[in-house]
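Undergrad: The following file, run31.txt, comprises compact mmCIF, C-alpha atoms and all ligand atoms:
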```txt
# COMPACT_ATOMS: atom_id res chain seq x y z
CA MET W 14 -28.40 -27.67 -46.01
CA GLN W 15 -26.40 -29.67 -43.49
CA LYS W 16 -27.98 -30.10 -40.05
CA VAL W 17 -25.66 -30.29 -37.05
CA LEU W 18 -26.08 -30.73 -33.29
CA VAL W 19 -23.34 -29.87 -30.79
CA ILE W 20 -23.67 -30.87 -27.12
CA GLY W 21 -21.50 -28.76 -24.79
CA ALA W 22 -20.98 -25.67 -26.93
CA SER W 23 -20.49 -22.83 -24.44
CA ARG W 24 -16.78 -22.39 -25.22
CA GLY W 25 -13.65 -24.10 -26.49
CA ILE W 26 -13.93 -26.79 -29.14
CA GLY W 27 -17.73 -27.09 -28.95
CA LEU W 28 -18.30 -23.39 -29.60
CA GLU W 29 -15.84 -23.47 -32.51
CA PHE W 30 -17.74 -26.38 -34.07
CA VAL W 31 -20.84 -24.18 -33.96
CA ARG W 32 -18.98 -21.23 -35.50
CA GLN W 33 -17.42 -23.20 -38.34
CA TYR W 34 -20.53 -25.19 -39.24
CA ARG W 35 -22.56 -21.96 -39.26
CA GLU W 36 -19.92 -20.28 -41.42
CA ALA W 37 -20.22 -23.21 -43.83
CA GLY W 38 -23.98 -22.57 -44.08
CA ALA W 39 -25.18 -25.38 -41.85
CA GLN W 40 -28.27 -25.22 -39.67
CA VAL W 41 -26.97 -25.73 -36.15
CA TRP W 42 -28.57 -26.64 -32.83
CA ALA W 43 -26.34 -26.50 -29.77
CA THR W 44 -26.58 -26.92 -26.03
CA ALA W 45 -24.86 -25.12 -23.19
CA ARG W 46 -25.35 -24.49 -19.53
CA GLY W 47 -27.21 -21.41 -18.25
CA GLU W 48 -25.95 -18.00 -19.25
CA GLN W 49 -23.51 -19.43 -21.79
CA LEU W 50 -26.37 -19.80 -24.27
CA THR W 51 -25.80 -16.29 -25.58
CA ALA W 52 -22.42 -17.23 -27.10
CA VAL W 53 -24.13 -19.92 -29.16
CA GLN W 54 -27.07 -17.71 -30.14
CA ALA W 55 -24.70 -14.96 -31.29
CA LEU W 56 -23.43 -17.37 -33.96
CA GLY W 57 -26.92 -17.91 -35.36
CA ALA W 58 -27.46 -21.35 -33.87
CA THR W 59 -30.54 -22.50 -32.01
CA ALA W 60 -29.45 -22.76 -28.38
CA TRP W 61 -30.90 -25.03 -25.72
CA GLU W 62 -29.97 -25.11 -22.06
CA LEU W 63 -28.66 -28.50 -21.04
CA ASP W 64 -26.51 -29.76 -18.18
CA VAL W 65 -25.29 -33.17 -19.32
CA ALA W 66 -24.81 -34.23 -15.69
CA ASP W 67 -28.47 -33.66 -14.87
CA ALA W 68 -30.89 -36.44 -15.82
CA ALA W 69 -33.97 -34.24 -16.17
CA SER W 70 -32.07 -31.68 -18.23
CA ALA W 71 -30.69 -34.39 -20.51
CA SER W 72 -34.09 -36.00 -21.07
CA SER W 73 -35.46 -32.64 -22.26
CA LEU W 74 -33.46 -33.09 -25.46
CA SER W 75 -35.58 -35.97 -26.67
CA TRP W 76 -38.66 -34.08 -27.84
CA ARG W 77 -36.57 -31.19 -29.17
CA LEU W 78 -34.77 -33.48 -31.61
CA ASP W 79 -37.92 -35.19 -32.82
CA GLY W 80 -37.94 -35.16 -36.62
CA LEU W 81 -34.88 -32.93 -37.08
CA GLY W 82 -33.01 -35.37 -39.33
CA LEU W 83 -29.51 -34.41 -38.26
CA ASP W 84 -26.50 -35.12 -40.47
CA VAL W 85 -23.96 -34.77 -37.67
CA ALA W 86 -24.32 -34.90 -33.86
CA ILE W 87 -21.27 -34.31 -31.65
CA TYR W 88 -20.90 -34.87 -27.88
CA CYS W 89 -18.26 -32.29 -26.85
CA ALA W 90 -18.93 -31.73 -23.16
CA GLY W 91 -16.01 -32.85 -21.05
CA LEU W 92 -14.32 -32.36 -17.70
CA ILE W 93 -10.67 -33.09 -16.94
CA GLY W 94 -10.85 -33.20 -13.14
CA PRO W 95 -7.75 -33.43 -10.93
CA ARG W 96 -4.45 -33.29 -12.84
CA SER W 97 -2.76 -36.12 -10.95
CA ALA W 98 0.73 -37.42 -11.72
CA GLY W 99 0.58 -40.93 -10.29
CA LEU W 100 -1.84 -43.11 -8.38
CA GLU W 101 -3.48 -40.40 -6.24
CA PRO W 102 -7.01 -41.64 -5.44
CA PRO W 103 -9.64 -39.13 -6.59
CA THR W 104 -12.13 -37.81 -4.11
CA GLN W 105 -15.65 -39.16 -4.44
CA ALA W 106 -16.78 -35.72 -5.60
CA ASP W 107 -14.13 -35.51 -8.34
CA PHE W 108 -14.84 -39.06 -9.46
CA ASP W 109 -18.56 -38.40 -9.68
CA ALA W 110 -18.17 -35.07 -11.46
CA VAL W 111 -15.81 -36.39 -14.16
CA MET W 112 -17.65 -39.67 -14.70
CA HIS W 113 -21.04 -37.97 -14.81
CA VAL W 114 -20.02 -35.49 -17.50
CA ASN W 115 -17.72 -37.72 -19.58
CA VAL W 116 -19.53 -41.06 -19.32
CA LEU W 117 -23.00 -40.98 -17.76
CA GLY W 118 -23.98 -37.89 -19.75
CA ALA W 119 -22.92 -39.62 -22.96
CA MET W 120 -24.82 -42.79 -22.01
CA ARG W 121 -27.95 -40.73 -21.46
CA LEU W 122 -27.58 -38.51 -24.50
CA LEU W 123 -26.13 -40.71 -27.26
CA PRO W 124 -29.40 -42.69 -27.61
CA VAL W 125 -31.35 -39.44 -27.84
CA MET W 126 -28.87 -37.93 -30.30
CA ALA W 127 -29.04 -41.10 -32.39
CA GLU W 128 -32.85 -40.80 -32.57
CA GLY W 129 -32.43 -37.31 -34.01
CA LEU W 130 -30.12 -38.44 -36.81
CA ALA W 131 -31.13 -38.79 -40.44
CA PRO W 132 -30.47 -42.26 -41.89
CA GLY W 133 -26.71 -42.55 -42.50
CA GLY W 134 -25.90 -39.64 -40.16
CA THR W 135 -22.75 -39.29 -38.09
CA LEU W 136 -22.54 -39.57 -34.31
CA ALA W 137 -19.24 -38.40 -32.78
CA VAL W 138 -17.87 -38.12 -29.25
CA LEU W 139 -14.92 -35.97 -28.26
CA SER W 140 -12.62 -38.49 -26.67
CA SER W 141 -8.87 -38.06 -26.10
CA VAL W 142 -5.65 -39.82 -26.98
CA MET W 143 -5.28 -40.01 -23.19
CA ALA W 144 -8.03 -42.67 -23.29
CA SER W 145 -5.89 -45.02 -25.34
CA ILE W 146 -4.73 -48.05 -23.35
CA GLY W 147 -2.83 -49.55 -26.29
CA GLY W 148 -0.83 -46.37 -26.86
CA ARG W 149 -0.38 -45.27 -23.25
CA ASN W 150 2.99 -44.18 -21.90
CA SER W 151 1.94 -41.80 -19.08
CA PRO W 152 -0.41 -42.21 -16.08
CA SER W 153 -1.12 -38.47 -15.69
CA SER W 154 -4.72 -37.46 -14.91
CA TRP W 155 -5.73 -41.08 -14.54
CA LEU W 156 -9.33 -40.29 -13.64
CA TYR W 157 -9.75 -38.39 -16.93
CA ARG W 158 -8.04 -41.23 -18.82
CA ALA W 159 -10.36 -43.81 -17.21
CA SER W 160 -13.42 -41.72 -18.02
CA LYS W 161 -12.48 -41.27 -21.68
CA ALA W 162 -11.64 -44.98 -22.00
CA ALA W 163 -15.15 -45.65 -20.67
CA LEU W 164 -16.54 -43.13 -23.15
CA ASN W 165 -14.78 -45.03 -25.95
CA SER W 166 -16.45 -48.23 -24.76
CA VAL W 167 -19.81 -46.49 -24.83
CA LEU W 168 -19.14 -45.21 -28.36
CA LYS W 169 -18.20 -48.69 -29.56
CA ASP W 170 -21.47 -50.08 -28.21
CA ALA W 171 -23.38 -47.28 -29.93
CA ALA W 172 -21.67 -48.23 -33.20
CA LEU W 173 -22.78 -51.85 -32.78
CA VAL W 174 -26.37 -50.93 -32.00
CA LEU W 175 -26.58 -48.35 -34.80
CA GLN W 176 -24.80 -50.45 -37.44
CA GLY W 177 -26.21 -49.66 -40.87
CA ARG W 178 -28.10 -46.63 -39.52
CA ALA W 179 -25.32 -44.24 -38.40
CA THR W 180 -21.55 -43.85 -38.50
CA CYS W 181 -20.24 -43.57 -34.94
CA VAL W 182 -16.71 -42.38 -34.12
CA ALA W 183 -14.56 -41.28 -31.19
CA LEU W 184 -12.39 -38.27 -32.04
CA HIS W 185 -9.22 -36.96 -30.42
CA PRO W 186 -9.18 -33.23 -31.27
CA GLY W 187 -5.41 -32.89 -30.91
CA TRP W 188 -3.85 -30.96 -28.04
CA VAL W 189 -5.77 -27.70 -28.29
CA ARG W 190 -5.44 -24.24 -26.72
CA THR W 191 -8.60 -24.11 -24.61
CA ALA W 192 -9.28 -23.81 -20.89
CA MET W 193 -8.70 -27.57 -20.73
CA GLY W 194 -5.74 -27.82 -23.11
CA GLY W 195 -3.91 -24.78 -21.72
CA GLU W 196 -1.90 -22.04 -23.42
CA GLY W 197 1.04 -24.31 -24.29
CA ALA W 198 -0.99 -26.52 -26.62
CA PRO W 199 0.19 -26.51 -30.24
CA LEU W 200 -3.22 -26.32 -31.95
CA SER W 201 -5.68 -23.42 -32.02
CA VAL W 202 -9.37 -24.30 -31.73
CA GLU W 203 -9.80 -23.09 -35.31
CA GLU W 204 -7.17 -25.54 -36.60
CA SER W 205 -8.43 -28.44 -34.51
CA VAL W 206 -12.06 -28.04 -35.49
CA ALA W 207 -11.28 -27.47 -39.18
CA ALA W 208 -9.29 -30.72 -39.17
CA GLN W 209 -11.99 -32.64 -37.28
CA ARG W 210 -14.64 -31.39 -39.67
CA ARG W 211 -12.58 -32.76 -42.57
CA VAL W 212 -12.39 -36.13 -40.80
CA LEU W 213 -16.14 -36.15 -40.18
CA ALA W 214 -16.93 -35.14 -43.76
CA GLY W 215 -14.76 -37.94 -45.16
CA LEU W 216 -16.11 -40.78 -43.01
CA ARG W 217 -17.34 -43.95 -44.67
CA PRO W 218 -19.99 -46.19 -43.04
CA GLU W 219 -17.51 -49.08 -42.72
CA GLN W 220 -15.36 -46.85 -40.45
CA SER W 221 -18.07 -46.78 -37.80
CA GLY W 222 -16.76 -47.84 -34.40
CA SER W 223 -13.32 -46.29 -34.92
CA PHE W 224 -11.13 -43.94 -32.88
CA PHE W 225 -9.41 -41.20 -34.92
CA ASP W 226 -7.21 -38.21 -34.23
CA GLU W 227 -7.90 -34.86 -35.87
CA GLN W 228 -5.86 -35.89 -38.92
CA GLY W 229 -7.92 -39.03 -39.43
CA ARG W 230 -5.20 -41.37 -38.13
CA VAL W 231 -6.46 -44.41 -36.22
CA ILE W 232 -5.65 -44.39 -32.47
CA PRO W 233 -5.34 -47.76 -30.71
CA TRP W 234 -8.09 -48.36 -28.16
N1 LIG S 301 -8.34 -29.18 -25.35
C1 LIG S 301 -7.70 -30.31 -25.58
O1 LIG S 301 -6.47 -30.32 -25.79
C2 LIG S 301 -8.46 -31.62 -25.61
C3 LIG S 301 -7.72 -32.78 -25.89
C4 LIG S 301 -8.40 -34.00 -25.93
C5 LIG S 301 -9.76 -34.05 -25.76
N2 LIG S 301 -10.46 -32.91 -25.48
C6 LIG S 301 -11.91 -33.03 -25.30
O2 LIG S 301 -12.59 -32.12 -26.14
C7 LIG S 301 -13.84 -31.71 -25.53
C8 LIG S 301 -13.91 -30.19 -25.48
O3 LIG S 301 -12.80 -29.75 -24.70
P1 LIG S 301 -12.32 -28.23 -24.62
O4 LIG S 301 -10.86 -28.26 -24.77
O5 LIG S 301 -13.17 -27.36 -25.50
O6 LIG S 301 -12.62 -27.95 -23.07
P2 LIG S 301 -13.18 -26.67 -22.28
O7 LIG S 301 -12.76 -25.43 -22.97
O8 LIG S 301 -12.81 -26.93 -20.87
O9 LIG S 301 -14.75 -26.84 -22.50
C9 LIG S 301 -15.44 -27.89 -21.88
C10 LIG S 301 -16.86 -27.84 -22.37
O10 LIG S 301 -17.60 -28.89 -21.71
C11 LIG S 301 -18.77 -28.28 -21.14
N3 LIG S 301 -19.29 -28.98 -19.98
C12 LIG S 301 -18.62 -29.38 -18.88
N4 LIG S 301 -19.49 -29.89 -17.98
C13 LIG S 301 -20.73 -29.80 -18.54
C14 LIG S 301 -22.03 -30.14 -18.12
N5 LIG S 301 -22.26 -30.70 -16.92
N6 LIG S 301 -23.07 -29.90 -18.96
C15 LIG S 301 -22.86 -29.34 -20.16
N7 LIG S 301 -21.66 -28.97 -20.62
C16 LIG S 301 -20.60 -29.21 -19.81
C17 LIG S 301 -18.32 -26.89 -20.76
O11 LIG S 301 -19.44 -26.09 -20.50
P3 LIG S 301 -19.41 -24.92 -19.34
O12 LIG S 301 -18.88 -23.70 -20.00
O13 LIG S 301 -20.85 -24.81 -18.94
O14 LIG S 301 -18.52 -25.41 -18.23
C18 LIG S 301 -17.54 -26.51 -22.01
O15 LIG S 301 -18.40 -26.14 -23.05
C19 LIG S 301 -13.85 -32.35 -24.15
O16 LIG S 301 -14.63 -33.52 -24.17
C20 LIG S 301 -12.38 -32.70 -23.90
O17 LIG S 301 -12.24 -33.79 -23.00
C21 LIG S 301 -9.84 -31.69 -25.41
```
Would you write the structure of this file as structure tokens?
Ligand SMILES: NC(=O)c1ccc[n+]([C@@H]2O[C@H](COP(=O)([O-])OP(=O)(O)OC[C@H]3O[C@@H](n4cnc5c(N)ncnc54)[C@H](OP(=O)(O)O)[C@@H]3O)[C@@H](O)[C@H]2O)c1

TA:
Amino acid sequence: MQKVLVIGASRGIGLEFVRQYREAGAQVWATARGEQLTAVQALGATAWELDVADAASASSLSWRLDGLGLDVAIYCAGLIGPRSAGLEPPTQADFDAVMHVNVLGAMRLLPVMAEGLAPGGTLAVLSSVMASIGGRNSPSSWLYRASKAALNSVLKDAALVLQGRATCVALHPGWVRTAMGGEGAPLSVEESVAAQRRVLAGLRPEQSGSFFDEQGRVIPW
């Protein structure tokens, strides 16, 4: 039976990962903040409370994962922050909130998630095509873009450290109809997650350290 961990599963793409992996018969552990745990539990997953922006909360994951032998661990938690159009400086509070969830949380949790993996397991972060510097043609939401570019850097370092032990990838889920993606997005969460699961299932170890969209196409860093 496949063993899967989803960080940030209260709603949106994270919750759909839980639903689809459970439907496929996987054993699933998932984290969410506070009262949102019930949504995860209702799908038959083991739910743990975890605020990725809180150091003490994040460190509580370590002993929980001890010996689990996960096949797949996914960091889904994310915050978009102010939807700027140009070079509007973010407030300190917005900067801290976005960077803490999208980058610092990942830097605290990826090492712990990696410890919980079975040999040859997969470690994935939900990045965004908006992180891409090579493919960029819009400056919108530049704080979010900067944070996801930093997340990509963190993922690449994880791939180097875990070489031969885990396959580490950054995934763009597509533009998806969630609270973050908005109602005008072309993909449903069901479609996005089904596609991402296919990408994850087809990964080869030599692809570790790559950045893919939901169709498995390489995105330039
Ligand atoms: N939707 C898109 O089109 C799109 C495109 C590219 C990339 N992405 C990425 O995909 C991931 C999932 O996005 P989504 O569309 O599902 O967004 P969403 O519906 O806004 O969900 C965001 C998730 O992140 C969690 N989260 C935020 N801050 C957290 C914290 N401090 N601790 C724990 N969890 C926290 C939220 O939990 P709460 O319910 O507790 O707030 C929620 O589960 C994100 O990383 C996002 O950047 C999405």

Undergrad: Using all atoms listed in the file, can you tell me which of W:Ala68, W:Leu28, W:Val182, W:Leu156 comes closest to Glu219 of chain W?

TA: W:Val182

Undergrad: Just checking: using only C-alpha atoms, which residue out of W:Lys169, W:Lys16, W:Arg217, W:Arg210 ends up closest to Ala86 of chain W?

TA: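 With only C-alpha atoms as the atom set, the closest residue is W:Lys16.
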
Undergrad: Go through W:Ala183, W:Ala39, W:Ala172, W:Leu130 one by one, measure the shortest atom-to-atom distance of each to ligand LIG 301 (chain S) using only C-alpha atoms and all ligand atoms, and give the residue with the smallest value.

TA: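 Using only C-alpha atoms and all ligand atoms, ligand LIG 301 (chain S) sits closest to W:Ala183.
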
Undergrad: Taking all atoms listed in the file into account, produce a table as JSON lines in which each residue of chain W with an atom at most 7 Å from an atom of ligand LIG 301 (chain S) appears once, together with its shortest atom pair and the distance in Å to one decimal, ordered by chain and rising number.

TA:
```
{"residue": "W:Gly21", "atom": "CA", "partner": "S:LIG301", "partner_atom": "N7", "distance": 4.2}
{"residue": "W:Ala22", "atom": "CA", "partner": "S:LIG301", "partner_atom": "O15", "distance": 4.7}
{"residue": "W:Ser23", "atom": "CA", "partner": "S:LIG301", "partner_atom": "O15", "distance": 4.2}
{"residue": "W:Arg24", "atom": "CA", "partner": "S:LIG301", "partner_atom": "O15", "distance": 4.6}
{"residue": "W:Gly25", "atom": "CA", "partner": "S:LIG301", "partner_atom": "O5", "distance": 3.4}
{"residue": "W:Ile26", "atom": "CA", "partner": "S:LIG301", "partner_atom": "O5", "distance": 3.8}
{"residue": "W:Gly27", "atom": "CA", "partner": "S:LIG301", "partner_atom": "O5", "distance": 5.7}
{"residue": "W:Ala45", "atom": "CA", "partner": "S:LIG301", "partner_atom": "C15", "distance": 5.6}
{"residue": "W:Arg46", "atom": "CA", "partner": "S:LIG301", "partner_atom": "O13", "distance": 4.5}
{"residue": "W:Gln49", "atom": "CA", "partner": "S:LIG301", "partner_atom": "O12", "distance": 6.5}
{"residue": "W:Leu63", "atom": "CA", "partner": "S:LIG301", "partner_atom": "C15", "distance": 5.9}
{"residue": "W:Asp64", "atom": "CA", "partner": "S:LIG301", "partner_atom": "N6", "distance": 3.5}
{"residue": "W:Val65", "atom": "CA", "partner": "S:LIG301", "partner_atom": "N6", "distance": 4.0}
{"residue": "W:Ala66", "atom": "CA", "partner": "S:LIG301", "partner_atom": "N5", "distance": 4.5}
{"residue": "W:Cys89", "atom": "CA", "partner": "S:LIG301", "partner_atom": "C7", "distance": 4.6}
{"residue": "W:Ala90", "atom": "CA", "partner": "S:LIG301", "partner_atom": "O10", "distance": 3.5}
{"residue": "W:Gly91", "atom": "CA", "partner": "S:LIG301", "partner_atom": "O16", "distance": 3.5}
{"residue": "W:Leu92", "atom": "CA", "partner": "S:LIG301", "partner_atom": "C12", "distance": 5.4}
{"residue": "W:Ile93", "atom": "CA", "partner": "S:LIG301", "partner_atom": "O17", "distance": 6.3}
{"residue": "W:Val114", "atom": "CA", "partner": "S:LIG301", "partner_atom": "N5", "distance": 5.3}
{"residue": "W:Asn115", "atom": "CA", "partner": "S:LIG301", "partner_atom": "O16", "distance": 6.9}
{"residue": "W:Leu139", "atom": "CA", "partner": "S:LIG301", "partner_atom": "O16", "distance": 4.8}
{"residue": "W:Ser140", "atom": "CA", "partner": "S:LIG301", "partner_atom": "C5", "distance": 5.4}
{"residue": "W:Ser141", "atom": "CA", "partner": "S:LIG301", "partner_atom": "C4", "distance": 4.1}
{"residue": "W:Val142", "atom": "CA", "partner": "S:LIG301", "partner_atom": "C4", "distance": 6.5}
{"residue": "W:His185", "atom": "CA", "partner": "S:LIG301", "partner_atom": "C4", "distance": 5.4}
{"residue": "W:Pro186", "atom": "CA", "partner": "S:LIG301", "partner_atom": "C4", "distance": 5.5}
{"residue": "W:Gly187", "atom": "CA", "partner": "S:LIG301", "partner_atom": "C3", "distance": 5.5}
{"residue": "W:Trp188", "atom": "CA", "partner": "S:LIG301", "partner_atom": "O1", "distance": 3.5}
{"residue": "W:Val189", "atom": "CA", "partner": "S:LIG301", "partner_atom": "O1", "distance": 3.7}
{"residue": "W:Arg190", "atom": "CA", "partner": "S:LIG301", "partner_atom": "N1", "distance": 5.9}
{"residue": "W:Thr191", "atom": "CA", "partner": "S:LIG301", "partner_atom": "O7", "distance": 4.7}
{"residue": "W:Ala192", "atom": "CA", "partner": "S:LIG301", "partner_atom": "O7", "distance": 4.4}
{"residue": "W:Met193", "atom": "CA", "partner": "S:LIG301", "partner_atom": "O8", "distance": 4.2}
{"residue": "W:Gly194", "atom": "CA", "partner": "S:LIG301", "partner_atom": "N1", "distance": 3.7}
{"residue": "W:Ala198", "atom": "CA", "partner": "S:LIG301", "partner_atom": "O1", "distance": 6.7}
```

Undergrad: Which one of W:Gly134, W:Gly47, W:Gly118, W:Gly99 sits closest to Leu81 of chain W if you count only C-alpha atoms?

TA: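 The closest residue to Leu81 of chain W is W:Gly134.
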
Undergrad: With distances taken over all atoms listed in the file, which residue among W:Glu29, W:Lys161, W:Met120, W:Ala131 lies nearest Ser205 of chain W?

TA: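 So, comparing all the options, the nearest one is W:Glu29.
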
Undergrad: Have a look at atom CA of Arg35 of chain W and atom CA of Ala60 of chain W and let me know their distance in Å, one decimal.

TA: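 Atom CA of Arg35 of chain W sits 12.9 Å away from atom CA of Ala60 of chain W.
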
Undergrad: How about completing segment 99-108 of chain W with all heavy atoms and giving it to me as a PDB file, in the coordinates of the input?

TA:
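See part_10.pdb below for the written result:
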```pdb
ATOM      1  N   GLY W  99       0.411 -39.494 -10.511  1.00  0.00           N
ATOM      2  CA  GLY W  99       0.580 -40.930 -10.290  1.00  0.00           C
ATOM      3  C   GLY W  99      -0.722 -41.578  -9.878  1.00  0.00           C
ATOM      4  O   GLY W  99      -1.752 -41.351 -10.507  1.00  0.00           O
ATOM      5  N   LEU W 100      -0.662 -42.328  -8.787  1.00  0.00           N
ATOM      6  CA  LEU W 100      -1.840 -43.110  -8.380  1.00  0.00           C
ATOM      7  C   LEU W 100      -2.600 -42.443  -7.238  1.00  0.00           C
ATOM      8  O   LEU W 100      -3.075 -43.129  -6.320  1.00  0.00           O
ATOM      9  CB  LEU W 100      -1.401 -44.525  -7.991  1.00  0.00           C
ATOM     10  CG  LEU W 100      -0.616 -45.301  -9.064  1.00  0.00           C
ATOM     11  CD1 LEU W 100      -0.341 -46.738  -8.595  1.00  0.00           C
ATOM     12  CD2 LEU W 100      -1.361 -45.330 -10.398  1.00  0.00           C
ATOM     13  N   GLU W 101      -2.745 -41.099  -7.286  1.00  0.00           N
ATOM     14  CA  GLU W 101      -3.480 -40.400  -6.240  1.00  0.00           C
ATOM     15  C   GLU W 101      -4.975 -40.733  -6.370  1.00  0.00           C
ATOM     16  O   GLU W 101      -5.575 -40.433  -7.404  1.00  0.00           O
ATOM     17  CB  GLU W 101      -3.303 -38.882  -6.363  1.00  0.00           C
ATOM     18  CG  GLU W 101      -1.864 -38.406  -6.240  1.00  0.00           C
ATOM     19  CD  GLU W 101      -1.181 -38.254  -7.590  1.00  0.00           C
ATOM     20  OE1 GLU W 101      -1.401 -39.107  -8.475  1.00  0.00           O
ATOM     21  OE2 GLU W 101      -0.433 -37.277  -7.773  1.00  0.00           O
ATOM     22  N   PRO W 102      -5.573 -41.332  -5.342  1.00  0.00           N
ATOM     23  CA  PRO W 102      -7.010 -41.640  -5.440  1.00  0.00           C
ATOM     24  C   PRO W 102      -7.828 -40.354  -5.574  1.00  0.00           C
ATOM     25  O   PRO W 102      -7.599 -39.407  -4.826  1.00  0.00           O
ATOM     26  CB  PRO W 102      -7.323 -42.338  -4.109  1.00  0.00           C
ATOM     27  CG  PRO W 102      -6.011 -42.782  -3.579  1.00  0.00           C
ATOM     28  CD  PRO W 102      -5.001 -41.781  -4.060  1.00  0.00           C
ATOM     29  N   PRO W 103      -8.779 -40.322  -6.492  1.00  0.00           N
ATOM     30  CA  PRO W 103      -9.640 -39.130  -6.590  1.00  0.00           C
ATOM     31  C   PRO W 103     -10.613 -39.090  -5.421  1.00  0.00           C
ATOM     32  O   PRO W 103     -10.937 -40.128  -4.845  1.00  0.00           O
ATOM     33  CB  PRO W 103     -10.387 -39.346  -7.906  1.00  0.00           C
ATOM     34  CG  PRO W 103     -10.372 -40.819  -8.139  1.00  0.00           C
ATOM     35  CD  PRO W 103      -9.131 -41.361  -7.494  1.00  0.00           C
ATOM     36  N   THR W 104     -11.058 -37.902  -5.086  1.00  0.00           N
ATOM     37  CA  THR W 104     -12.130 -37.810  -4.110  1.00  0.00           C
ATOM     38  C   THR W 104     -13.412 -38.349  -4.757  1.00  0.00           C
ATOM     39  O   THR W 104     -13.523 -38.416  -5.985  1.00  0.00           O
ATOM     40  CB  THR W 104     -12.393 -36.346  -3.696  1.00  0.00           C
ATOM     41  OG1 THR W 104     -12.853 -35.640  -4.863  1.00  0.00           O
ATOM     42  CG2 THR W 104     -11.140 -35.679  -3.136  1.00  0.00           C
ATOM     43  N   GLN W 105     -14.351 -38.694  -3.911  1.00  0.00           N
ATOM     44  CA  GLN W 105     -15.650 -39.160  -4.440  1.00  0.00           C
ATOM     45  C   GLN W 105     -16.284 -38.074  -5.314  1.00  0.00           C
ATOM     46  O   GLN W 105     -16.843 -38.362  -6.384  1.00  0.00           O
ATOM     47  CB  GLN W 105     -16.587 -39.490  -3.273  1.00  0.00           C
ATOM     48  CG  GLN W 105     -17.935 -40.054  -3.693  1.00  0.00           C
ATOM     49  CD  GLN W 105     -17.831 -41.513  -4.121  1.00  0.00           C
ATOM     50  OE1 GLN W 105     -17.312 -42.329  -3.395  1.00  0.00           O
ATOM     51  NE2 GLN W 105     -18.319 -41.818  -5.310  1.00  0.00           N
ATOM     52  N   ALA W 106     -16.157 -36.829  -4.850  1.00  0.00           N
ATOM     53  CA  ALA W 106     -16.780 -35.720  -5.600  1.00  0.00           C
ATOM     54  C   ALA W 106     -16.138 -35.559  -6.972  1.00  0.00           C
ATOM     55  O   ALA W 106     -16.839 -35.369  -7.979  1.00  0.00           O
ATOM     56  CB  ALA W 106     -16.658 -34.423  -4.794  1.00  0.00           C
ATOM     57  N   ASP W 107     -14.797 -35.629  -7.035  1.00  0.00           N
ATOM     58  CA  ASP W 107     -14.130 -35.510  -8.340  1.00  0.00           C
ATOM     59  C   ASP W 107     -14.490 -36.683  -9.250  1.00  0.00           C
ATOM     60  O   ASP W 107     -14.737 -36.504 -10.452  1.00  0.00           O
ATOM     61  CB  ASP W 107     -12.602 -35.459  -8.155  1.00  0.00           C
ATOM     62  CG  ASP W 107     -12.117 -34.089  -7.702  1.00  0.00           C
ATOM     63  OD1 ASP W 107     -12.846 -33.097  -7.917  1.00  0.00           O
ATOM     64  OD2 ASP W 107     -11.012 -34.011  -7.126  1.00  0.00           O
ATOM     65  N   PHE W 108     -14.494 -37.872  -8.659  1.00  0.00           N
ATOM     66  CA  PHE W 108     -14.840 -39.060  -9.460  1.00  0.00           C
ATOM     67  C   PHE W 108     -16.234 -38.903 -10.058  1.00  0.00           C
ATOM     68  O   PHE W 108     -16.449 -39.100 -11.260  1.00  0.00           O
ATOM     69  CB  PHE W 108     -14.775 -40.323  -8.585  1.00  0.00           C
ATOM     70  CG  PHE W 108     -15.067 -41.588  -9.342  1.00  0.00           C
ATOM     71  CD1 PHE W 108     -14.049 -42.286  -9.975  1.00  0.00           C
ATOM     72  CD2 PHE W 108     -16.363 -42.072  -9.455  1.00  0.00           C
ATOM     73  CE1 PHE W 108     -14.315 -43.451 -10.706  1.00  0.00           C
ATOM     74  CE2 PHE W 108     -16.640 -43.231 -10.182  1.00  0.00           C
ATOM     75  CZ  PHE W 108     -15.613 -43.917 -10.801  1.00  0.00           C
TER      76      PHE W 108
END
```
